[in-house]
file protein-v4.tsv (TSV, N, CA and C atoms)
chain	number	residue	atom	x	y	z
A	1	GLU	N	21.31	2.56	17.77
A	1	GLU	CA	21.47	1.13	17.60
A	1	GLU	C	21.99	0.84	16.19
A	2	ASP	N	22.96	-0.06	16.08
A	2	ASP	CA	23.53	-0.42	14.79
A	2	ASP	C	22.55	-1.28	14.00
A	3	GLU	N	22.59	-1.09	12.70
A	3	GLU	CA	21.74	-1.85	11.80
A	3	GLU	C	22.29	-3.27	11.65
A	4	ASP	N	21.40	-4.26	11.68
A	4	ASP	CA	21.80	-5.66	11.50
A	4	ASP	C	21.89	-5.94	10.00
A	5	LEU	N	23.11	-6.00	9.48
A	5	LEU	CA	23.31	-6.18	8.04
A	5	LEU	C	23.06	-7.61	7.58
A	6	ASN	N	22.80	-8.50	8.50
A	6	ASN	CA	22.51	-9.90	8.14
A	6	ASN	C	21.03	-10.23	8.25
A	7	GLN	N	20.21	-9.24	8.55
A	7	GLN	CA	18.79	-9.50	8.79
A	7	GLN	C	18.06	-10.05	7.56
A	8	TYR	N	18.58	-9.83	6.36
A	8	TYR	CA	17.92	-10.31	5.16
A	8	TYR	C	18.61	-11.52	4.55
A	9	ASP	N	19.61	-12.06	5.21
A	9	ASP	CA	20.36	-13.19	4.66
A	9	ASP	C	19.47	-14.39	4.33
A	10	ASN	N	18.52	-14.71	5.21
A	10	ASN	CA	17.63	-15.85	4.95
A	10	ASN	C	16.74	-15.58	3.74
A	11	LEU	N	16.26	-14.36	3.61
A	11	LEU	CA	15.43	-13.99	2.46
A	11	LEU	C	16.25	-14.06	1.17
A	12	LEU	N	17.47	-13.56	1.21
A	12	LEU	CA	18.33	-13.61	0.02
A	12	LEU	C	18.65	-15.06	-0.35
A	13	ALA	N	18.91	-15.90	0.66
A	13	ALA	CA	19.20	-17.32	0.41
A	13	ALA	C	17.98	-18.02	-0.20
A	14	LYS	N	16.78	-17.70	0.29
A	14	LYS	CA	15.55	-18.30	-0.25
A	14	LYS	C	15.35	-17.87	-1.70
A	15	ALA	N	15.53	-16.57	-1.98
A	15	ALA	CA	15.40	-16.07	-3.35
A	15	ALA	C	16.41	-16.74	-4.27
A	16	PHE	N	17.64	-16.92	-3.77
A	16	PHE	CA	18.67	-17.58	-4.57
A	16	PHE	C	18.29	-19.03	-4.84
A	17	SER	N	17.76	-19.72	-3.83
A	17	SER	CA	17.38	-21.13	-4.02
A	17	SER	C	16.27	-21.27	-5.05
A	18	LEU	N	15.44	-20.23	-5.18
A	18	LEU	CA	14.36	-20.23	-6.18
A	18	LEU	C	14.83	-19.67	-7.53
A	19	LYS	N	16.11	-19.29	-7.59
A	19	LYS	CA	16.70	-18.71	-8.80
A	19	LYS	C	15.97	-17.46	-9.28
A	20	LEU	N	15.54	-16.64	-8.31
A	20	LEU	CA	14.83	-15.41	-8.65
A	20	LEU	C	15.82	-14.31	-9.02
A	21	PRO	N	15.54	-13.58	-10.09
A	21	PRO	CA	16.38	-12.42	-10.40
A	21	PRO	C	15.98	-11.28	-9.48
A	22	VAL	N	16.91	-10.38	-9.24
A	22	VAL	CA	16.65	-9.22	-8.40
A	22	VAL	C	16.79	-7.97	-9.26
A	23	ILE	N	15.88	-7.04	-9.07
A	23	ILE	CA	15.97	-5.74	-9.73
A	23	ILE	C	16.39	-4.73	-8.67
A	24	CYS	N	17.48	-4.03	-8.92
A	24	CYS	CA	17.99	-3.02	-8.00
A	24	CYS	C	17.83	-1.65	-8.66
A	25	PRO	N	16.80	-0.89	-8.25
A	25	PRO	CA	16.54	0.40	-8.89
A	25	PRO	C	17.42	1.54	-8.40
A	26	ASN	N	18.19	1.31	-7.35
A	26	ASN	CA	19.10	2.33	-6.84
A	26	ASN	C	20.36	1.63	-6.34
A	27	PRO	N	21.43	1.64	-7.14
A	27	PRO	CA	22.65	0.93	-6.77
A	27	PRO	C	23.46	1.53	-5.62
A	28	ASP	N	23.02	2.66	-5.04
A	28	ASP	CA	23.76	3.21	-3.89
A	28	ASP	C	23.83	2.14	-2.80
A	29	LYS	N	25.02	1.98	-2.24
A	29	LYS	CA	25.22	0.97	-1.20
A	29	LYS	C	24.95	1.49	0.19
A	30	SER	N	25.16	2.79	0.41
A	30	SER	CA	24.90	3.34	1.72
A	30	SER	C	24.64	4.84	1.61
A	31	VAL	N	24.02	5.38	2.64
A	31	VAL	CA	23.78	6.81	2.73
A	31	VAL	C	24.07	7.27	4.15
A	32	ALA	N	24.42	8.52	4.28
A	32	ALA	CA	24.57	9.10	5.61
A	32	ALA	C	23.18	9.48	6.10
A	33	HIS	N	22.85	9.06	7.30
A	33	HIS	CA	21.56	9.37	7.91
A	33	HIS	C	21.86	9.96	9.28
A	34	GLY	N	21.95	11.29	9.31
A	34	GLY	CA	22.44	11.94	10.52
A	34	GLY	C	23.89	11.57	10.72
A	35	ASP	N	24.23	11.06	11.89
A	35	ASP	CA	25.61	10.66	12.15
A	35	ASP	C	25.81	9.17	11.96
A	36	LYS	N	24.82	8.49	11.39
A	36	LYS	CA	24.91	7.05	11.16
A	36	LYS	C	24.93	6.74	9.67
A	37	ARG	N	25.41	5.57	9.33
A	37	ARG	CA	25.42	5.08	7.97
A	37	ARG	C	24.30	4.08	7.83
A	38	ARG	N	23.44	4.26	6.81
A	38	ARG	CA	22.35	3.33	6.52
A	38	ARG	C	22.68	2.61	5.22
A	39	TYR	N	22.39	1.34	5.16
A	39	TYR	CA	22.71	0.54	3.98
A	39	TYR	C	21.49	0.46	3.09
A	40	CYS	N	21.74	0.55	1.78
A	40	CYS	CA	20.68	0.69	0.79
A	40	CYS	C	20.59	-0.54	-0.11
A	41	ALA	N	19.72	-0.44	-1.10
A	41	ALA	CA	19.44	-1.53	-2.02
A	41	ALA	C	20.70	-2.07	-2.69
A	42	GLY	N	21.61	-1.20	-3.07
A	42	GLY	CA	22.84	-1.63	-3.74
A	42	GLY	C	23.68	-2.56	-2.88
A	43	TYR	N	23.69	-2.32	-1.59
A	43	TYR	CA	24.45	-3.17	-0.66
A	43	TYR	C	23.87	-4.59	-0.66
A	44	PHE	N	22.54	-4.67	-0.55
A	44	PHE	CA	21.90	-5.98	-0.48
A	44	PHE	C	21.89	-6.68	-1.83
A	45	ALA	N	21.82	-5.91	-2.91
A	45	ALA	CA	21.92	-6.49	-4.25
A	45	ALA	C	23.29	-7.12	-4.45
A	46	LYS	N	24.33	-6.44	-3.96
A	46	LYS	CA	25.69	-6.98	-4.05
A	46	LYS	C	25.82	-8.27	-3.25
A	47	LYS	N	25.19	-8.32	-2.07
A	47	LYS	CA	25.22	-9.55	-1.28
A	47	LYS	C	24.57	-10.71	-2.05
A	48	TYR	N	23.46	-10.39	-2.73
A	48	TYR	CA	22.76	-11.40	-3.51
A	48	TYR	C	23.62	-11.86	-4.69
A	49	GLN	N	24.26	-10.92	-5.33
A	49	GLN	CA	25.15	-11.23	-6.45
A	49	GLN	C	26.32	-12.09	-5.97
A	50	ASP	N	26.83	-11.81	-4.79
A	50	ASP	CA	27.93	-12.60	-4.22
A	50	ASP	C	27.51	-14.04	-3.95
A	51	LEU	N	26.21	-14.25	-3.71
A	51	LEU	CA	25.69	-15.62	-3.56
A	51	LEU	C	25.66	-16.36	-4.90
A	52	GLY	N	25.73	-15.60	-5.99
A	52	GLY	CA	25.63	-16.17	-7.32
A	52	GLY	C	24.33	-15.80	-8.00
A	53	GLY	N	23.53	-14.96	-7.34
A	53	GLY	CA	22.24	-14.54	-7.89
A	53	GLY	C	22.39	-13.53	-9.01
A	54	VAL	N	21.36	-13.45	-9.84
A	54	VAL	CA	21.33	-12.51	-10.96
A	54	VAL	C	20.69	-11.21	-10.49
A	55	VAL	N	21.40	-10.10	-10.72
A	55	VAL	CA	20.90	-8.78	-10.33
A	55	VAL	C	20.90	-7.88	-11.56
A	56	HIS	N	19.78	-7.21	-11.76
A	56	HIS	CA	19.65	-6.22	-12.82
A	56	HIS	C	19.65	-4.84	-12.16
A	57	TYR	N	20.66	-4.04	-12.48
A	57	TYR	CA	20.80	-2.71	-11.89
A	57	TYR	C	20.20	-1.66	-12.82
A	58	TYR	N	19.48	-0.72	-12.24
A	58	TYR	CA	18.93	0.42	-12.98
A	58	TYR	C	19.23	1.68	-12.19
A	59	GLY	N	19.36	2.78	-12.86
A	59	GLY	CA	19.66	4.04	-12.18
A	59	GLY	C	21.14	4.37	-12.31
A	60	LYS	N	21.56	5.37	-11.54
A	60	LYS	CA	22.96	5.79	-11.58
A	60	LYS	C	23.84	4.60	-11.22
A	61	PRO	N	24.94	4.38	-11.89
A	61	PRO	CA	25.62	5.22	-12.87
A	61	PRO	C	25.29	4.88	-14.32
A	62	ASP	N	24.24	4.10	-14.58
A	62	ASP	CA	23.90	3.68	-15.93
A	62	ASP	C	23.69	4.89	-16.84
A	63	ARG	N	24.44	4.93	-17.91
A	63	ARG	CA	24.38	6.08	-18.82
A	63	ARG	C	22.97	6.30	-19.37
A	64	LYS	N	22.18	5.21	-19.49
A	64	LYS	CA	20.82	5.35	-20.04
A	64	LYS	C	19.97	6.32	-19.22
A	65	ILE	N	20.14	6.32	-17.90
A	65	ILE	CA	19.35	7.20	-17.05
A	65	ILE	C	19.76	8.66	-17.27
A	66	PHE	N	21.04	8.89	-17.47
A	66	PHE	CA	21.53	10.25	-17.73
A	66	PHE	C	21.06	10.71	-19.11
A	67	ASP	N	21.17	9.82	-20.12
A	67	ASP	CA	20.74	10.18	-21.47
A	67	ASP	C	19.26	10.52	-21.51
A	68	LYS	N	18.44	9.76	-20.76
A	68	LYS	CA	17.00	10.02	-20.72
A	68	LYS	C	16.72	11.39	-20.10
A	69	ALA	N	17.39	11.69	-18.99
A	69	ALA	CA	17.19	12.99	-18.34
A	69	ALA	C	17.61	14.14	-19.27
A	70	ILE	N	18.73	13.96	-19.96
A	70	ILE	CA	19.21	14.99	-20.87
A	70	ILE	C	18.23	15.17	-22.03
A	71	SER	N	17.68	14.06	-22.50
A	71	SER	CA	16.69	14.11	-23.58
A	71	SER	C	15.43	14.86	-23.14
A	72	ILE	N	14.98	14.59	-21.93
A	72	ILE	CA	13.79	15.27	-21.40
A	72	ILE	C	14.05	16.77	-21.24
A	73	LEU	N	15.22	17.11	-20.71
A	73	LEU	CA	15.57	18.51	-20.50
A	73	LEU	C	15.82	19.24	-21.82
A	74	ASN	N	16.23	18.48	-22.84
A	74	ASN	CA	16.50	19.03	-24.16
A	74	ASN	C	17.50	20.19	-24.11
A	75	ILE	N	18.63	19.95	-23.40
A	75	ILE	CA	19.70	20.94	-23.36
A	75	ILE	C	21.04	20.23	-23.62
A	76	ASN	N	22.04	21.01	-23.96
A	76	ASN	CA	23.36	20.46	-24.25
A	76	ASN	C	24.02	19.94	-22.97
A	77	ARG	N	24.80	18.89	-23.12
A	77	ARG	CA	25.52	18.29	-21.99
A	77	ARG	C	26.44	19.29	-21.29
A	78	ASP	N	26.98	20.22	-22.04
A	78	ASP	CA	27.92	21.18	-21.44
A	78	ASP	C	27.22	22.21	-20.55
A	79	ARG	N	25.91	22.15	-20.47
A	79	ARG	CA	25.14	23.05	-19.60
A	79	ARG	C	24.58	22.32	-18.37
A	80	ILE	N	25.04	21.08	-18.17
A	80	ILE	CA	24.52	20.26	-17.07
A	80	ILE	C	25.61	20.03	-16.03
A	81	LEU	N	25.21	20.08	-14.77
A	81	LEU	CA	26.11	19.76	-13.67
A	81	LEU	C	25.44	18.71	-12.80
A	82	MET	N	26.08	17.56	-12.68
A	82	MET	CA	25.61	16.51	-11.78
A	82	MET	C	26.18	16.79	-10.40
A	83	ILE	N	25.31	17.02	-9.43
A	83	ILE	CA	25.74	17.25	-8.06
A	83	ILE	C	25.45	15.97	-7.29
A	84	GLY	N	26.47	15.40	-6.69
A	84	GLY	CA	26.28	14.14	-5.99
A	84	GLY	C	27.25	13.95	-4.86
A	85	ASP	N	26.97	12.92	-4.07
A	85	ASP	CA	27.82	12.64	-2.90
A	85	ASP	C	28.43	11.25	-2.93
A	86	THR	N	28.32	10.57	-4.07
A	86	THR	CA	28.84	9.21	-4.16
A	86	THR	C	29.66	9.05	-5.43
A	87	MET	N	30.92	8.67	-5.27
A	87	MET	CA	31.79	8.46	-6.42
A	87	MET	C	31.28	7.34	-7.32
A	88	GLU	N	30.86	6.22	-6.72
A	88	GLU	CA	30.52	5.01	-7.48
A	88	GLU	C	29.24	5.13	-8.29
A	89	THR	N	28.37	6.07	-7.98
A	89	THR	CA	27.13	6.21	-8.75
A	89	THR	C	27.04	7.59	-9.38
A	90	ASP	N	27.02	8.63	-8.57
A	90	ASP	CA	26.82	9.98	-9.08
A	90	ASP	C	27.95	10.45	-10.00
A	91	ILE	N	29.16	10.39	-9.50
A	91	ILE	CA	30.30	10.93	-10.25
A	91	ILE	C	30.67	10.01	-11.42
A	92	LEU	N	30.60	8.70	-11.22
A	92	LEU	CA	30.86	7.77	-12.33
A	92	LEU	C	29.84	7.97	-13.44
A	93	GLY	N	28.57	8.09	-13.09
A	93	GLY	CA	27.53	8.30	-14.09
A	93	GLY	C	27.75	9.56	-14.89
A	94	ALA	N	28.10	10.64	-14.20
A	94	ALA	CA	28.38	11.90	-14.90
A	94	ALA	C	29.58	11.74	-15.83
A	95	SER	N	30.62	11.10	-15.33
A	95	SER	CA	31.83	10.91	-16.12
A	95	SER	C	31.54	10.11	-17.38
A	96	GLN	N	30.82	9.01	-17.23
A	96	GLN	CA	30.47	8.15	-18.39
A	96	GLN	C	29.56	8.86	-19.37
A	97	SER	N	28.79	9.85	-18.88
A	97	SER	CA	27.83	10.56	-19.72
A	97	SER	C	28.37	11.84	-20.32
A	98	GLY	N	29.62	12.16	-19.98
A	98	GLY	CA	30.24	13.35	-20.56
A	98	GLY	C	29.70	14.66	-20.01
A	99	ILE	N	29.29	14.65	-18.73
A	99	ILE	CA	28.83	15.89	-18.12
A	99	ILE	C	29.68	16.22	-16.91
A	100	ASP	N	29.71	17.50	-16.56
A	100	ASP	CA	30.47	17.94	-15.40
A	100	ASP	C	29.81	17.45	-14.12
A	101	SER	N	30.63	17.35	-13.06
A	101	SER	CA	30.11	16.88	-11.79
A	101	SER	C	30.71	17.65	-10.62
A	102	LEU	N	29.95	17.69	-9.55
A	102	LEU	CA	30.39	18.31	-8.31
A	102	LEU	C	30.20	17.28	-7.20
A	103	LEU	N	31.29	16.85	-6.58
A	103	LEU	CA	31.23	15.92	-5.46
A	103	LEU	C	31.07	16.72	-4.18
A	104	VAL	N	29.98	16.47	-3.48
A	104	VAL	CA	29.70	17.15	-2.21
A	104	VAL	C	30.18	16.24	-1.09
A	105	LEU	N	31.10	16.74	-0.29
A	105	LEU	CA	31.73	15.91	0.73
A	105	LEU	C	30.90	15.76	2.01
A	106	THR	N	29.74	16.37	2.06
A	106	THR	CA	28.91	16.24	3.26
A	106	THR	C	28.09	14.96	3.26
A	107	GLY	N	28.03	14.24	2.15
A	107	GLY	CA	27.24	13.03	2.07
A	107	GLY	C	28.11	11.80	2.08
A	108	ASN	N	27.82	10.87	1.18
A	108	ASN	CA	28.55	9.60	1.12
A	108	ASN	C	30.00	9.79	0.75
A	109	GLY	N	30.32	10.88	0.10
A	109	GLY	CA	31.71	11.16	-0.26
A	109	GLY	C	32.52	11.65	0.92
A	110	GLY	N	31.90	11.75	2.08
A	110	GLY	CA	32.55	12.30	3.26
A	110	GLY	C	33.84	11.62	3.62
A	111	GLY	N	33.97	10.34	3.33
A	111	GLY	CA	35.21	9.63	3.62
A	111	GLY	C	36.37	10.21	2.86
A	112	ILE	N	36.10	10.75	1.70
A	112	ILE	CA	37.14	11.35	0.88
A	112	ILE	C	37.60	12.66	1.50
A	113	ALA	N	36.71	13.31	2.25
A	113	ALA	CA	37.05	14.61	2.84
A	113	ALA	C	38.28	14.50	3.72
A	114	ALA	N	38.43	13.39	4.41
A	114	ALA	CA	39.56	13.22	5.33
A	114	ALA	C	40.86	12.95	4.58
A	115	ASN	N	40.76	12.45	3.35
A	115	ASN	CA	41.96	12.06	2.64
A	115	ASN	C	41.72	12.13	1.13
A	116	PHE	N	42.11	13.26	0.51
A	116	PHE	CA	41.90	13.44	-0.92
A	116	PHE	C	42.68	12.41	-1.73
A	117	ASP	N	43.67	11.76	-1.14
A	117	ASP	CA	44.40	10.73	-1.86
A	117	ASP	C	43.50	9.57	-2.26
A	118	LEU	N	42.36	9.41	-1.57
A	118	LEU	CA	41.42	8.34	-1.92
A	118	LEU	C	40.90	8.51	-3.35
A	119	LEU	N	40.90	9.73	-3.86
A	119	LEU	CA	40.45	9.95	-5.23
A	119	LEU	C	41.32	9.21	-6.24
A	120	GLU	N	42.56	8.92	-5.86
A	120	GLU	CA	43.46	8.21	-6.75
A	120	GLU	C	43.00	6.77	-6.99
A	121	GLU	N	42.11	6.27	-6.15
A	121	GLU	CA	41.58	4.91	-6.31
A	121	GLU	C	40.65	4.80	-7.52
A	122	TYR	N	40.19	5.92	-8.02
A	122	TYR	CA	39.20	5.92	-9.10
A	122	TYR	C	39.87	6.30	-10.41
A	123	SER	N	39.36	5.76	-11.50
A	123	SER	CA	39.88	6.10	-12.82
A	123	SER	C	39.18	7.34	-13.38
A	124	TYR	N	38.29	7.91	-12.62
A	124	TYR	CA	37.54	9.09	-13.01
A	124	TYR	C	37.52	10.02	-11.80
A	125	ASN	N	37.28	11.30	-12.04
A	125	ASN	CA	37.25	12.28	-10.97
A	125	ASN	C	36.10	13.26	-11.19
A	126	PRO	N	35.63	13.86	-10.10
A	126	PRO	CA	34.63	14.94	-10.28
A	126	PRO	C	35.30	16.16	-10.92
A	127	THR	N	34.50	16.96	-11.59
A	127	THR	CA	35.01	18.21	-12.15
A	127	THR	C	35.37	19.16	-11.02
A	128	TRP	N	34.50	19.21	-10.00
A	128	TRP	CA	34.72	20.06	-8.83
A	128	TRP	C	34.40	19.28	-7.56
A	129	ILE	N	34.92	19.77	-6.45
A	129	ILE	CA	34.65	19.19	-5.13
A	129	ILE	C	34.23	20.33	-4.20
A	130	ALA	N	33.15	20.10	-3.44
A	130	ALA	CA	32.70	21.09	-2.47
A	130	ALA	C	32.88	20.51	-1.07
A	131	LYS	N	33.58	21.25	-0.22
A	131	LYS	CA	33.73	20.84	1.16
A	131	LYS	C	32.42	21.08	1.90
A	132	SER	N	32.28	20.42	3.03
A	132	SER	CA	31.09	20.66	3.85
A	132	SER	C	31.17	22.06	4.43
A	133	ALA	N	30.01	22.63	4.72
A	133	ALA	CA	29.96	24.01	5.24
A	133	ALA	C	30.33	24.05	6.69
call {"tool": "encode", "arguments": {"input": "protein-v4.tsv", "output": "structure tokens"}}
result
Amino acid sequence: EDEDLNQYDNLLAKAFSLKLPVICPNPDKSVAHGDKRRYCAGYFAKKYQDLGGVVHYYGKPDRKIFDKAISILNINRDRILMIGDTMETDILGASQSGIDSLLVLTGNGGGIAANFDLLEEYSYNPTWIAKSA
């Protein structure tokens, strides 16, 4: 069964009418869930923002999250590899943070697998790309 992407519209409209800010701790817009696509917090935060609501994003691709992880690990950036499946969060975050990245095409990046020319849409690229097994 397809997910109803409008099921939260009334809640978002009510929050907007109350001028409530939204905190989005994971800006990913969708994930692959088996053979289906599931929509995540980032998708609904964007809908709220499109209404004119205020959204505070935390997590990837914010450089602060990468800097904190690097600080905790206490290792040089050139020894880190960000492995991810989303250009807009995983690979962008790595690029902005000056670390290498590996785009895995079995996840959200799967759309790119069919057409590598889609990478030209981005001003940044992964260091490496792994095809699905």
call {"tool": "atom_distance", "arguments": {"input": "protein-v4.tsv", "atom1": "atom C of A:Pro25", "atom2": "atom N of A:Tyr57"}}
result
7.6 Å
call {"tool": "closest_residue", "arguments": {"input": "protein-v4.tsv", "among": "A:Lys131, A:Lys47, A:His33, A:Lys60", "to": "A:Glu88", "atoms": "all atoms listed in the file"}}
result
A:Lys60
call {"tool": "atom_distance", "arguments": {"input": "protein-v4.tsv", "atom1": "atom CA of A:Arg63", "atom2": "atom CA of A:Ile99"}}
result
10.8 Å
call {"tool": "residues_around", "arguments": {"input": "protein-v4.tsv", "residues": "A:Ala130", "least_positions_apart": "3", "cutoff": "6 Å", "atoms": "only N, CA and C atoms", "output": "ChimeraX atom specification"}}
result
/A:102-105
call {"tool": "atom_distance", "arguments": {"input": "protein-v4.tsv", "atom1": "atom N of A:Asn10", "atom2": "atom CA of A:Ala45"}}
result
13.0 Å
call {"tool": "build_atoms", "arguments": {"input": "protein-v4.tsv", "residues": "stretch 23-33 of chain A", "atoms": "all heavy atoms", "output": "PDB file, in the coordinates of the input"}}
result
ATOM      1  N   ILE A  23      15.880  -7.040  -9.070  1.00  0.00           N
ATOM      2  CA  ILE A  23      15.970  -5.740  -9.730  1.00  0.00           C
ATOM      3  C   ILE A  23      16.390  -4.730  -8.670  1.00  0.00           C
ATOM      4  O   ILE A  23      15.739  -4.600  -7.630  1.00  0.00           O
ATOM      5  CB  ILE A  23      14.623  -5.334 -10.359  1.00  0.00           C
ATOM      6  CG1 ILE A  23      14.261  -6.317 -11.464  1.00  0.00           C
ATOM      7  CG2 ILE A  23      14.693  -3.901 -10.888  1.00  0.00           C
ATOM      8  CD1 ILE A  23      12.876  -6.125 -12.037  1.00  0.00           C
ATOM      9  N   CYS A  24      17.480  -4.030  -8.920  1.00  0.00           N
ATOM     10  CA  CYS A  24      17.990  -3.020  -8.000  1.00  0.00           C
ATOM     11  C   CYS A  24      17.830  -1.650  -8.660  1.00  0.00           C
ATOM     12  O   CYS A  24      18.629  -1.272  -9.507  1.00  0.00           O
ATOM     13  CB  CYS A  24      19.456  -3.292  -7.659  1.00  0.00           C
ATOM     14  SG  CYS A  24      20.128  -2.112  -6.482  1.00  0.00           S
ATOM     15  N   PRO A  25      16.800  -0.890  -8.250  1.00  0.00           N
ATOM     16  CA  PRO A  25      16.540   0.400  -8.890  1.00  0.00           C
ATOM     17  C   PRO A  25      17.420   1.540  -8.400  1.00  0.00           C
ATOM     18  O   PRO A  25      17.404   2.621  -8.960  1.00  0.00           O
ATOM     19  CB  PRO A  25      15.079   0.678  -8.533  1.00  0.00           C
ATOM     20  CG  PRO A  25      14.893  -0.006  -7.220  1.00  0.00           C
ATOM     21  CD  PRO A  25      15.774  -1.239  -7.276  1.00  0.00           C
ATOM     22  N   ASN A  26      18.190   1.310  -7.350  1.00  0.00           N
ATOM     23  CA  ASN A  26      19.100   2.330  -6.840  1.00  0.00           C
ATOM     24  C   ASN A  26      20.360   1.630  -6.340  1.00  0.00           C
ATOM     25  O   ASN A  26      20.365   1.099  -5.231  1.00  0.00           O
ATOM     26  CB  ASN A  26      18.453   3.134  -5.718  1.00  0.00           C
ATOM     27  CG  ASN A  26      19.370   4.225  -5.209  1.00  0.00           C
ATOM     28  OD1 ASN A  26      20.536   4.322  -5.591  1.00  0.00           O
ATOM     29  ND2 ASN A  26      18.851   5.054  -4.335  1.00  0.00           N
ATOM     30  N   PRO A  27      21.430   1.640  -7.140  1.00  0.00           N
ATOM     31  CA  PRO A  27      22.650   0.930  -6.770  1.00  0.00           C
ATOM     32  C   PRO A  27      23.460   1.530  -5.620  1.00  0.00           C
ATOM     33  O   PRO A  27      24.476   0.968  -5.245  1.00  0.00           O
ATOM     34  CB  PRO A  27      23.471   0.933  -8.058  1.00  0.00           C
ATOM     35  CG  PRO A  27      22.492   1.174  -9.144  1.00  0.00           C
ATOM     36  CD  PRO A  27      21.452   2.056  -8.550  1.00  0.00           C
ATOM     37  N   ASP A  28      23.020   2.660  -5.040  1.00  0.00           N
ATOM     38  CA  ASP A  28      23.760   3.210  -3.890  1.00  0.00           C
ATOM     39  C   ASP A  28      23.830   2.140  -2.800  1.00  0.00           C
ATOM     40  O   ASP A  28      22.835   1.495  -2.487  1.00  0.00           O
ATOM     41  CB  ASP A  28      23.082   4.457  -3.337  1.00  0.00           C
ATOM     42  CG  ASP A  28      23.331   5.692  -4.181  1.00  0.00           C
ATOM     43  OD1 ASP A  28      24.343   5.722  -4.902  1.00  0.00           O
ATOM     44  OD2 ASP A  28      22.515   6.622  -4.114  1.00  0.00           O
ATOM     45  N   LYS A  29      25.020   1.980  -2.240  1.00  0.00           N
ATOM     46  CA  LYS A  29      25.220   0.970  -1.200  1.00  0.00           C
ATOM     47  C   LYS A  29      24.950   1.490   0.190  1.00  0.00           C
ATOM     48  O   LYS A  29      24.570   0.736   1.080  1.00  0.00           O
ATOM     49  CB  LYS A  29      26.633   0.393  -1.296  1.00  0.00           C
ATOM     50  CG  LYS A  29      26.833  -0.413  -2.554  1.00  0.00           C
ATOM     51  CD  LYS A  29      28.206  -1.020  -2.616  1.00  0.00           C
ATOM     52  CE  LYS A  29      28.313  -1.800  -3.912  1.00  0.00           C
ATOM     53  NZ  LYS A  29      29.650  -1.929  -4.384  1.00  0.00           N
ATOM     54  N   SER A  30      25.160   2.790   0.410  1.00  0.00           N
ATOM     55  CA  SER A  30      24.900   3.340   1.720  1.00  0.00           C
ATOM     56  C   SER A  30      24.640   4.840   1.610  1.00  0.00           C
ATOM     57  O   SER A  30      24.995   5.468   0.614  1.00  0.00           O
ATOM     58  CB  SER A  30      26.063   3.072   2.673  1.00  0.00           C
ATOM     59  OG  SER A  30      27.206   3.774   2.267  1.00  0.00           O
ATOM     60  N   VAL A  31      24.020   5.380   2.640  1.00  0.00           N
ATOM     61  CA  VAL A  31      23.780   6.810   2.730  1.00  0.00           C
ATOM     62  C   VAL A  31      24.070   7.270   4.150  1.00  0.00           C
ATOM     63  O   VAL A  31      23.970   6.484   5.098  1.00  0.00           O
ATOM     64  CB  VAL A  31      22.325   7.201   2.360  1.00  0.00           C
ATOM     65  CG1 VAL A  31      22.021   6.901   0.915  1.00  0.00           C
ATOM     66  CG2 VAL A  31      21.324   6.535   3.272  1.00  0.00           C
ATOM     67  N   ALA A  32      24.420   8.520   4.280  1.00  0.00           N
ATOM     68  CA  ALA A  32      24.570   9.100   5.610  1.00  0.00           C
ATOM     69  C   ALA A  32      23.180   9.480   6.100  1.00  0.00           C
ATOM     70  O   ALA A  32      22.405  10.095   5.370  1.00  0.00           O
ATOM     71  CB  ALA A  32      25.468  10.327   5.547  1.00  0.00           C
ATOM     72  N   HIS A  33      22.850   9.060   7.300  1.00  0.00           N
ATOM     73  CA  HIS A  33      21.560   9.370   7.910  1.00  0.00           C
ATOM     74  C   HIS A  33      21.860   9.960   9.280  1.00  0.00           C
ATOM     75  O   HIS A  33      22.072   9.239  10.241  1.00  0.00           O
ATOM     76  CB  HIS A  33      20.719   8.092   8.017  1.00  0.00           C
ATOM     77  CG  HIS A  33      19.322   8.327   8.481  1.00  0.00           C
ATOM     78  ND1 HIS A  33      18.365   8.887   7.679  1.00  0.00           N
ATOM     79  CD2 HIS A  33      18.725   8.077   9.666  1.00  0.00           C
ATOM     80  CE1 HIS A  33      17.242   8.971   8.345  1.00  0.00           C
ATOM     81  NE2 HIS A  33      17.435   8.495   9.563  1.00  0.00           N
TER      82      HIS A  33
END
